[in-house]
Structures are given as C-alpha cells and as structure tokens.
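Notes follow once the structure below has been shown.
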Amino acid sequence: MLTINGITVRLGGRTILDRASATIPPGGRVGLIGRNGAGKSTLMKVMIGALEADEGSIEMPRRTRLGYIAQEAPAGDITPEQAVLAADVERAQLLEESENCTDPDRLGDIHDRLLAIDAYSAPSRAARILTGLGFDEEMQGRPLDSFSGGWKMRVALAALLFSQPDILLLDEPSNHLDLEATLWLENFLKSYPATLVVISHERDLLNNVVDHILHLQGGKITLYPGGYDSFERQRAERAAQLAAAKAAQDAQRARLQDYVARNSARASTAKQAQSRAKMLAKMQPIAALMEDPSLSFDFPDPSELRPPLISLDLASVGYAEEKPVLRRLNLRIDPDDRIALLGRNGNGKTTLARLLAAQLAPMEGSMHASGKMKVGYFTQYQVEELATDATPLEHMTRAMEGQSPGAVRAQLGRFGFSGNRATTQVGQLSGGERARLALALITRDAPHLLILDEPTNHLDVDAREALVQALNDYSGAVILISHDRHMVELTADRLVLVDGGLAKDYSGSMEDYIDFVLGRNQPKKDGGGKATKPGAKSSGKSQAQARFFKSELGRVEKSISKLQAQCTEIDRAMYEPANASPQLAGKPMGELLSQRAKVAAELEELEAEWLALGEKLENA
C-alpha cells in the first residue's frame, strides 16, 4: 500500500501541492493525470524522495523497491543489453561474487539464489524488452554513445522494466516512443505484476492499463476507480453536482445577506440579523471546478486550391547520394486528405514529411506541388528552439512582419494567448503552452497543408481533445505522425505505412494495424505447394465479404468515436463552461441540449448499423 498523507510542496513562492492525500491499494494500477503544470512530476519526485515536502509524508511497507527513470540518460561504451542487465543489481553482484568465491557452501547458496531469481534467463528477457522498444539485434550490440538522446531514454526505460520494482513509477513513458513501441509498452504494463503509477496523457493507455485515476487539480488529488473514460463520466457528474450545490448555496447566501441588510437596524429583528450574519460567516463556500480558460486551438481555414496539392511520381528521397531512405514513391495528396503515417521510428516517416514540406528535394522521380500552396510543418525542434527570453507576442510580431498589431493579437488569441499570456516570457510557459505557440506560428499564413510530427508530446489529455476537435474543424489537408492512436483514429481518414524503404496506402483499419504490430489475429502461413481444395473459390468470396464488412465496421466505428467525442465536448460545455471549445463557448443551455439530442440520435443509428455489420461479418 502506498499512502500519501497531507503532502504540501511550495516552489518559488507558489503552492504546488496543498495537503494532498490519497491511498493507493497494493497492486493498484494508477494513472496520475492533471493539466500541464499541475504538479504531477512534483508529486512523483516526492514519492521517490528526490524532493522533500514542506508538510506531510509518504508511507509504504519497509523494503519496498521503488523504480523510477533517472533524469540523465545512460551513456558510455556499454551496449543497451549490458545496460539493461546491470539494472538487476542483485543478479550482477551474485554473478561477480560467483567468479571469485572459493567457499563451496557459499557458492551453492549463490547458485540457489541465482536460480530463484531466474538469473540465467535474464539475457533473453532483456532482449525481449529491448526488441519491444524498437532495438533490433544489431542495435542491441552497439555502444550507447552511438545513439541519440531519445534512444538512450528507451534504454533507461527498458532497464527500469527489466528490474521489476515493487512500485513502478513512470513519467510520460511514451514521449520518446513511436506508435509501435507504445503498443508494446501498453501490452507489457497490462501484465505487470506489482503496483504501477504512471503519468500519461495517452487516453488509450489510461483506459487499457490502469484501474484507478489519480486526478491532480488545484494542489489536491482525488482517486477515481476505473480508467480514463470512467473518470470523465464521474468528473462530469461531480461537476454537475457541484454546480447545483454552488447555485443553491449562492441563492441561500443572497437571501441571508438581504435579510441582514434589511433587519440589522431594527431593534425587534437585530438579534435574528446577527444570528444570520454568523451563519454567513461560517458558511464554507463551494468552489466551482477550476479549468484552464486559455486552452484553445483554432486553425485558420485556407483558401481553396484545385486538387491535387502534391503528387509524387516514382520519387526517391534521402540524405546521401545513391542511398535513398525511401524510393519509388507514388503518392497523391488532395485538399481534403487526412493522412496518418504509420511505421517504426527510423523507417522514414519524418523523411517523407520533410519531402512533402519541401525541405528535401527528390533524388529521383518527380514531385509536383501547387504553386500557391502554403505548408505548416510542426516538429518538436520548433518547440525546443523558441527563444525563452522572448514573449509569444514578440515571436508572432517577428513572424508576421508588416501585419497590424490587431492581426498579430488575433492569431495568438486563436491559440489561447490573450491578455497577460501573450506577454509572458516563453521560459515561464509550460511545455503544452510552448507547443501551442509553435502551432500558432506555423499556421499564421492559413496553410493549405498541415504536417504535424508528434504534436501531442507536451499536451495533456484535455489539450489533446481540443487539438482533435480543431483538426476536425480545419478545412485543409492534414498529415499526422503520432503515437497517440486515439488522435489518429479520430482525425485520419487514410493510413500510409512507411516500411522497408517504401510508403504505401494501408488498406486495413487502425485496429488491424494494432493487431498486426502485436502479432494478433495473423493468418497462418500456407504450407505451399498444396493442391487447391474444393470450395476454395467460395472461401475466397467469403473472405472478400469479410474484408468488406470489416472495412465498413472500421468506418462506422470511426464515425461513432467522432460522435462520442462531440457528446463529450457538449457535456463539457454544459457542465464546465470555462473549458468549452471555441465552437460551443457561450451557447445557451437550450441550444446545447438540442444539439446533444441530435448527436445522440445519430449515435443510436450508427450503433444499430454497427451491430448489423457485426452480425454480417460473423456470418461471412
């Protein structure tokens, strides 16, 4: 059991945690969530003892082994495999002792202990973890210093998972992972045998892995049972209850204040007025749920262009002569395309994105792009390269040179930088706010094509939902590289697999691709050379029907997900108006209720269609 007792932490004169308390049950799988800057990492640092709380304590059983990734990535001449194996300190010490031990009794004890901790299968376990996180056999044997910082952090994560601590603490573990490694990590964590606390903004991971949500807001923490979707439902119900209670209390307060004001001066009612004044003084105000009013994404719509925006004809692209990363590219992008690029890191997704953004030229073949086309290209490097001593207003003024101050302010306002936020130095902004600023900068000219390379790394769950909504409202084309499959499923209409030096349309759904990555539901290999069995033709027809119904199911499921997201947005606008999307903010309750009823009716029809298609697929 992990108990958080009244933890208070003040940093730089600001209270980050305010008497926060919660109890995590043994074996609990907890998702720690909250807005950017709410104090999630601070709470985790208190748990591991890296930060001392001003008040309160953390209690856990004696000899509990805590596991947490260090801030510095591993380095040196050792290989990833050696780094991972070294994480099991007891195994390493016993193996070293066994090489020099001359006492037969002690040597027997050492070997018994090595067998008990399954030490001899450790290399194969380490290799499995590294493979799951994207390291092939050749990479596992290379020195750590030959890898980038992101890959070194993967080694640190592999070492932590290998060590199997009693309480595993993970702070946004998927930030350095691609979609394929994220899927593997989720599958691994599902079967983790001990207590898990994970800071994550991945809705799917929070739904599929954790059994509790620990929500941090306003310095307080609240433990909710269930995954993220369950938490959202409970939070909406709680918000409605709080709103009703606050309205009732405000009405009562108004009545008491009116009575005191009218009756204090009259001798006959002075005592009653004093009594009610005391009641007012003792009345504890009910606080409304606080939300970040600056959460906003609003992409300006581009002018219309004839299709295609871009066409590639047998194009090759790379960085070294005669060594293309991708070859024989045949790809067409139209103004209304929503494309997600799939494939492991290192296969060329970013290279293809840079080609489409005209940052790389084709080595062979041809690329034709509309002369009037504008491209907005987002990468993490743009976030990191923002001048920390400049303000969003200064950044945008330089980017929109010659534009009026009103136009500059309007573009910043689309992304939540109004008032004082526009004149706050970038160094004081959260990672999510910096990402919003980078998106505001790349869309200042209303681009016809948005290329987004991992746009969600610094965004919390609510910000990601706002980005999904903004992308669905945007009228231009979108190319998305993301390990957040919830975002991919809700925004992409077309999947392109980048693998083996090629980039081709992927005919299956996102669910099919997840099954493919995890090795689920794979067709058995044909024995080869066997005669075709009678009925093979009809079997082929059934398979074709099954593929069609499965494709239709994927289409309907995507539509259902979009409608469910709309319901969530409308509910938020009704119960948490401060956090409403720009499209719904300020709408009267009656209009919101009418809109929700319409969406619910469409959802009911689609669910009926989904059931019918499921039966047809089963029959096929």
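Here's how to read the names in the structure tokens: chain A, B, ... by the order shown, residue numbers from 1 in each chain, ligand numbers from 1 in the order shown.
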Report task. Report the residues of segment 23-193 of chain A whose backbone DSSP state falls under alpha helix (DSSP H), written as a PyMOL selection string. Result -> chain A and resi 40-48+80-85+89-100+104-116+122-132+137-140+149-163+179-190
Report task. Show which residues sit within 10 Å of Ile48 of chain A, as a ChimeraX atom specification. Count only C-alpha atoms, and ignore same-chain residues fewer than 5 positions away. Result -> /A:43,58,66-68,169
Using the selection just defined, write its residues with all heavy atoms as a PDB file, in the first residue's frame.
```
ATOM      1  N   LEU A  43       4.804  15.606  -7.525  1.00  0.00           N
ATOM      2  CA  LEU A  43       4.305  14.574  -6.619  1.00  0.00           C
ATOM      3  C   LEU A  43       5.111  13.294  -6.763  1.00  0.00           C
ATOM      4  O   LEU A  43       5.445  12.641  -5.760  1.00  0.00           O
ATOM      5  CB  LEU A  43       2.821  14.304  -6.913  1.00  0.00           C
ATOM      6  CG  LEU A  43       2.158  13.196  -6.090  1.00  0.00           C
ATOM      7  CD1 LEU A  43       2.265  13.478  -4.594  1.00  0.00           C
ATOM      8  CD2 LEU A  43       0.695  13.025  -6.491  1.00  0.00           C
ATOM      9  N   ILE A  58       5.014  10.361   2.887  1.00  0.00           N
ATOM     10  CA  ILE A  58       4.686   9.227   2.022  1.00  0.00           C
ATOM     11  C   ILE A  58       4.967   7.950   2.810  1.00  0.00           C
ATOM     12  O   ILE A  58       6.077   7.789   3.342  1.00  0.00           O
ATOM     13  CB  ILE A  58       5.523   9.227   0.729  1.00  0.00           C
ATOM     14  CG1 ILE A  58       5.311  10.526  -0.071  1.00  0.00           C
ATOM     15  CG2 ILE A  58       5.199   8.014  -0.124  1.00  0.00           C
ATOM     16  CD1 ILE A  58       3.967  10.640  -0.727  1.00  0.00           C
ATOM     17  N   LEU A  66      11.367   0.914  -5.081  1.00  0.00           N
ATOM     18  CA  LEU A  66      10.764   1.878  -5.989  1.00  0.00           C
ATOM     19  C   LEU A  66      11.557   1.931  -7.291  1.00  0.00           C
ATOM     20  O   LEU A  66      12.790   1.890  -7.274  1.00  0.00           O
ATOM     21  CB  LEU A  66      10.758   3.270  -5.364  1.00  0.00           C
ATOM     22  CG  LEU A  66       9.678   3.591  -4.326  1.00  0.00           C
ATOM     23  CD1 LEU A  66       9.961   4.947  -3.707  1.00  0.00           C
ATOM     24  CD2 LEU A  66       8.302   3.592  -4.954  1.00  0.00           C
ATOM     25  N   GLY A  67      10.876   2.028  -8.400  1.00  0.00           N
ATOM     26  CA  GLY A  67      11.542   2.132  -9.690  1.00  0.00           C
ATOM     27  C   GLY A  67      11.137   3.396 -10.408  1.00  0.00           C
ATOM     28  O   GLY A  67       9.945   3.676 -10.581  1.00  0.00           O
ATOM     29  N   TYR A  68      12.128   4.199 -10.833  1.00  0.00           N
ATOM     30  CA  TYR A  68      11.863   5.485 -11.474  1.00  0.00           C
ATOM     31  C   TYR A  68      13.007   5.784 -12.430  1.00  0.00           C
ATOM     32  O   TYR A  68      14.169   5.501 -12.125  1.00  0.00           O
ATOM     33  CB  TYR A  68      11.769   6.574 -10.404  1.00  0.00           C
ATOM     34  CG  TYR A  68      11.426   7.955 -10.920  1.00  0.00           C
ATOM     35  CD1 TYR A  68      10.126   8.258 -11.308  1.00  0.00           C
ATOM     36  CD2 TYR A  68      12.394   8.953 -10.999  1.00  0.00           C
ATOM     37  CE1 TYR A  68       9.794   9.533 -11.770  1.00  0.00           C
ATOM     38  CE2 TYR A  68      12.067  10.231 -11.448  1.00  0.00           C
ATOM     39  CZ  TYR A  68      10.767  10.509 -11.833  1.00  0.00           C
ATOM     40  OH  TYR A  68      10.444  11.765 -12.290  1.00  0.00           O
ATOM     41  N   LEU A 169       7.144   3.524 -11.114  1.00  0.00           N
ATOM     42  CA  LEU A 169       6.713   4.898 -11.347  1.00  0.00           C
ATOM     43  C   LEU A 169       7.188   5.334 -12.734  1.00  0.00           C
ATOM     44  O   LEU A 169       8.388   5.326 -13.015  1.00  0.00           O
ATOM     45  CB  LEU A 169       7.296   5.834 -10.283  1.00  0.00           C
ATOM     46  CG  LEU A 169       6.971   5.465  -8.822  1.00  0.00           C
ATOM     47  CD1 LEU A 169       7.734   6.377  -7.869  1.00  0.00           C
ATOM     48  CD2 LEU A 169       5.480   5.560  -8.565  1.00  0.00           C
TER      49      LEU A 169
END
```
Query raised in the report: Got a sec: who's within 6 Å of segment 432-443 of chain A, counting only C-alpha atoms, leaving out chain neighbours fewer than 3 positions off, as a PyMOL selection string?
Result: chain A and resi 376+383+429+446-447+458-459
Report task. Please provide as a ChimeraX atom specification all residues within 10 Å of Ser311 of chain A, with the sequence filter that same-chain residues fewer than 4 positions apart are discarded (counting only C-alpha atoms). Result -> /A:307,315,329-334,356,366-370
Write out the residues from the selection above, keeping N, CA, C and O atoms, as a tab-separated table (two decimals), in the first residue's frame.
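Writing done, so here's result_34.tsv:
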```
chain	number	residue	atom	x	y	z
A	307	PRO	N	-7.34	20.26	-56.62
A	307	PRO	CA	-6.52	19.07	-56.34
A	307	PRO	C	-5.71	18.68	-57.58
A	307	PRO	O	-6.11	19.02	-58.70
A	315	ALA	N	9.21	8.87	-56.94
A	315	ALA	CA	10.21	9.73	-56.30
A	315	ALA	C	11.03	8.95	-55.28
A	315	ALA	O	10.53	8.02	-54.62
A	329	LEU	N	8.27	6.37	-54.70
A	329	LEU	CA	7.11	6.91	-54.01
A	329	LEU	C	6.06	7.37	-55.02
A	329	LEU	O	6.35	8.21	-55.89
A	330	ASN	N	4.88	6.81	-54.93
A	330	ASN	CA	3.74	7.26	-55.72
A	330	ASN	C	2.64	7.66	-54.74
A	330	ASN	O	2.02	6.81	-54.10
A	331	LEU	N	2.44	8.95	-54.60
A	331	LEU	CA	1.53	9.44	-53.57
A	331	LEU	C	0.85	10.71	-54.06
A	331	LEU	O	1.49	11.57	-54.67
A	332	ARG	N	-0.44	10.79	-53.82
A	332	ARG	CA	-1.22	11.98	-54.18
A	332	ARG	C	-1.90	12.50	-52.93
A	332	ARG	O	-2.51	11.74	-52.17
A	333	ILE	N	-1.82	13.82	-52.73
A	333	ILE	CA	-2.45	14.46	-51.57
A	333	ILE	C	-3.42	15.51	-52.07
A	333	ILE	O	-3.03	16.45	-52.80
A	334	ASP	N	-4.69	15.37	-51.69
A	334	ASP	CA	-5.74	16.29	-52.10
A	334	ASP	C	-6.07	17.25	-50.95
A	334	ASP	O	-5.71	16.99	-49.78
A	356	LEU	N	7.56	16.34	-48.32
A	356	LEU	CA	6.28	16.98	-48.61
A	356	LEU	C	6.29	18.45	-48.20
A	356	LEU	O	5.56	19.27	-48.76
A	366	SER	N	9.80	12.52	-59.64
A	366	SER	CA	9.33	13.90	-59.64
A	366	SER	C	8.34	14.15	-58.52
A	366	SER	O	7.69	13.24	-58.02
A	367	MET	N	8.25	15.42	-58.15
A	367	MET	CA	7.27	15.89	-57.16
A	367	MET	C	6.64	17.16	-57.70
A	367	MET	O	7.34	18.13	-58.01
A	368	HIS	N	5.33	17.17	-57.84
A	368	HIS	CA	4.61	18.34	-58.33
A	368	HIS	C	3.73	18.88	-57.20
A	368	HIS	O	2.98	18.13	-56.58
A	369	ALA	N	3.85	20.18	-56.94
A	369	ALA	CA	3.06	20.81	-55.89
A	369	ALA	C	2.41	22.07	-56.45
A	369	ALA	O	2.99	22.76	-57.31
A	370	SER	N	1.23	22.38	-55.95
A	370	SER	CA	0.52	23.58	-56.36
A	370	SER	C	1.36	24.82	-56.02
A	370	SER	O	1.88	24.93	-54.91
```
Report task. If you run DSSP over the backbone, which residues in segment 164-383 of chain A end up strand (DSSP E)? Put them as number ranges by chain. Result -> A: 167-171, 195-199, 212-217, 220-225, 310-320, 323-333, 338-342, 364-369, 375-378
Hey, can you spit out that residue selection with C-alpha atoms as a PDB file, in the first residue's frame?
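Wrote result-v2.pdb, looks like this:
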```
ATOM      1  CA  ILE A 167       6.257   0.087  -7.182  1.00  0.00           C
ATOM      2  CA  LEU A 168       6.874   1.123 -10.784  1.00  0.00           C
ATOM      3  CA  LEU A 169       6.713   4.898 -11.347  1.00  0.00           C
ATOM      4  CA  LEU A 170       6.583   6.117 -14.956  1.00  0.00           C
ATOM      5  CA  ASP A 171       6.524   9.774 -16.015  1.00  0.00           C
ATOM      6  CA  THR A 195       1.945  -1.623  -8.182  1.00  0.00           C
ATOM      7  CA  LEU A 196       2.087   0.850 -11.057  1.00  0.00           C
ATOM      8  CA  VAL A 197       1.782   4.654 -11.031  1.00  0.00           C
ATOM      9  CA  VAL A 198       2.040   6.228 -14.481  1.00  0.00           C
ATOM     10  CA  ILE A 199       1.829   9.861 -15.543  1.00  0.00           C
ATOM     11  CA  HIS A 212      -7.673   3.930 -10.934  1.00  0.00           C
ATOM     12  CA  ILE A 213      -7.228   7.551 -11.962  1.00  0.00           C
ATOM     13  CA  LEU A 214      -5.478   9.917  -9.534  1.00  0.00           C
ATOM     14  CA  HIS A 215      -6.551  13.409 -10.628  1.00  0.00           C
ATOM     15  CA  LEU A 216      -4.405  16.360  -9.536  1.00  0.00           C
ATOM     16  CA  GLN A 217      -6.082  19.771  -9.652  1.00  0.00           C
ATOM     17  CA  LYS A 220      -5.454  18.491  -4.370  1.00  0.00           C
ATOM     18  CA  ILE A 221      -5.625  14.872  -5.530  1.00  0.00           C
ATOM     19  CA  THR A 222      -8.735  12.724  -5.941  1.00  0.00           C
ATOM     20  CA  LEU A 223      -8.713   8.970  -6.593  1.00  0.00           C
ATOM     21  CA  TYR A 224     -11.344   7.677  -9.034  1.00  0.00           C
ATOM     22  CA  PRO A 225     -11.986   3.980  -9.754  1.00  0.00           C
ATOM     23  CA  ILE A 310       1.041  17.352 -54.120  1.00  0.00           C
ATOM     24  CA  SER A 311       1.758  14.369 -56.354  1.00  0.00           C
ATOM     25  CA  LEU A 312       4.823  12.119 -56.192  1.00  0.00           C
ATOM     26  CA  ASP A 313       5.769  10.035 -59.229  1.00  0.00           C
ATOM     27  CA  LEU A 314       8.388   7.315 -58.599  1.00  0.00           C
ATOM     28  CA  ALA A 315      10.206   9.735 -56.298  1.00  0.00           C
ATOM     29  CA  SER A 316      13.183   8.786 -54.122  1.00  0.00           C
ATOM     30  CA  VAL A 317      14.422  10.820 -51.165  1.00  0.00           C
ATOM     31  CA  GLY A 318      17.236  10.635 -48.646  1.00  0.00           C
ATOM     32  CA  TYR A 319      20.253  12.435 -47.244  1.00  0.00           C
ATOM     33  CA  ALA A 320      23.232  10.804 -49.003  1.00  0.00           C
ATOM     34  CA  LYS A 323      21.441   5.974 -50.567  1.00  0.00           C
ATOM     35  CA  PRO A 324      17.743   6.876 -50.581  1.00  0.00           C
ATOM     36  CA  VAL A 325      15.777   6.351 -47.379  1.00  0.00           C
ATOM     37  CA  LEU A 326      12.551   5.991 -49.402  1.00  0.00           C
ATOM     38  CA  ARG A 327      12.205   5.044 -53.055  1.00  0.00           C
ATOM     39  CA  ARG A 328       9.590   4.649 -55.798  1.00  0.00           C
ATOM     40  CA  LEU A 329       7.108   6.911 -54.012  1.00  0.00           C
ATOM     41  CA  ASN A 330       3.742   7.256 -55.722  1.00  0.00           C
ATOM     42  CA  LEU A 331       1.534   9.437 -53.569  1.00  0.00           C
ATOM     43  CA  ARG A 332      -1.216  11.983 -54.179  1.00  0.00           C
ATOM     44  CA  ILE A 333      -2.446  14.456 -51.575  1.00  0.00           C
ATOM     45  CA  ARG A 338      -6.412  13.392 -43.577  1.00  0.00           C
ATOM     46  CA  ILE A 339      -3.408  11.038 -43.665  1.00  0.00           C
ATOM     47  CA  ALA A 340      -1.620   9.304 -40.777  1.00  0.00           C
ATOM     48  CA  LEU A 341       1.885   7.964 -41.445  1.00  0.00           C
ATOM     49  CA  LEU A 342       2.496   4.604 -39.736  1.00  0.00           C
ATOM     50  CA  GLU A 364      14.910  10.625 -58.480  1.00  0.00           C
ATOM     51  CA  GLY A 365      11.458  10.806 -59.996  1.00  0.00           C
ATOM     52  CA  SER A 366       9.327  13.901 -59.644  1.00  0.00           C
ATOM     53  CA  MET A 367       7.269  15.885 -57.157  1.00  0.00           C
ATOM     54  CA  HIS A 368       4.609  18.335 -58.331  1.00  0.00           C
ATOM     55  CA  ALA A 369       3.055  20.815 -55.890  1.00  0.00           C
ATOM     56  CA  VAL A 375       2.513  24.353 -45.796  1.00  0.00           C
ATOM     57  CA  GLY A 376       2.578  24.472 -41.997  1.00  0.00           C
ATOM     58  CA  TYR A 377       5.146  21.989 -40.661  1.00  0.00           C
ATOM     59  CA  PHE A 378       5.286  21.252 -36.920  1.00  0.00           C
TER      60      PHE A 378
END
```
Report task. Excluding segment 145-161 of chain A and any residue of its chain fewer than 2 positions from it, enumerate the residues within 10 Å of it, using only C-alpha atoms, and give them as a PyMOL selection string. Result -> chain A and resi 66-88+126-135+139-140+142-143+163-165+168-170+173-177+181+185+188-189+192
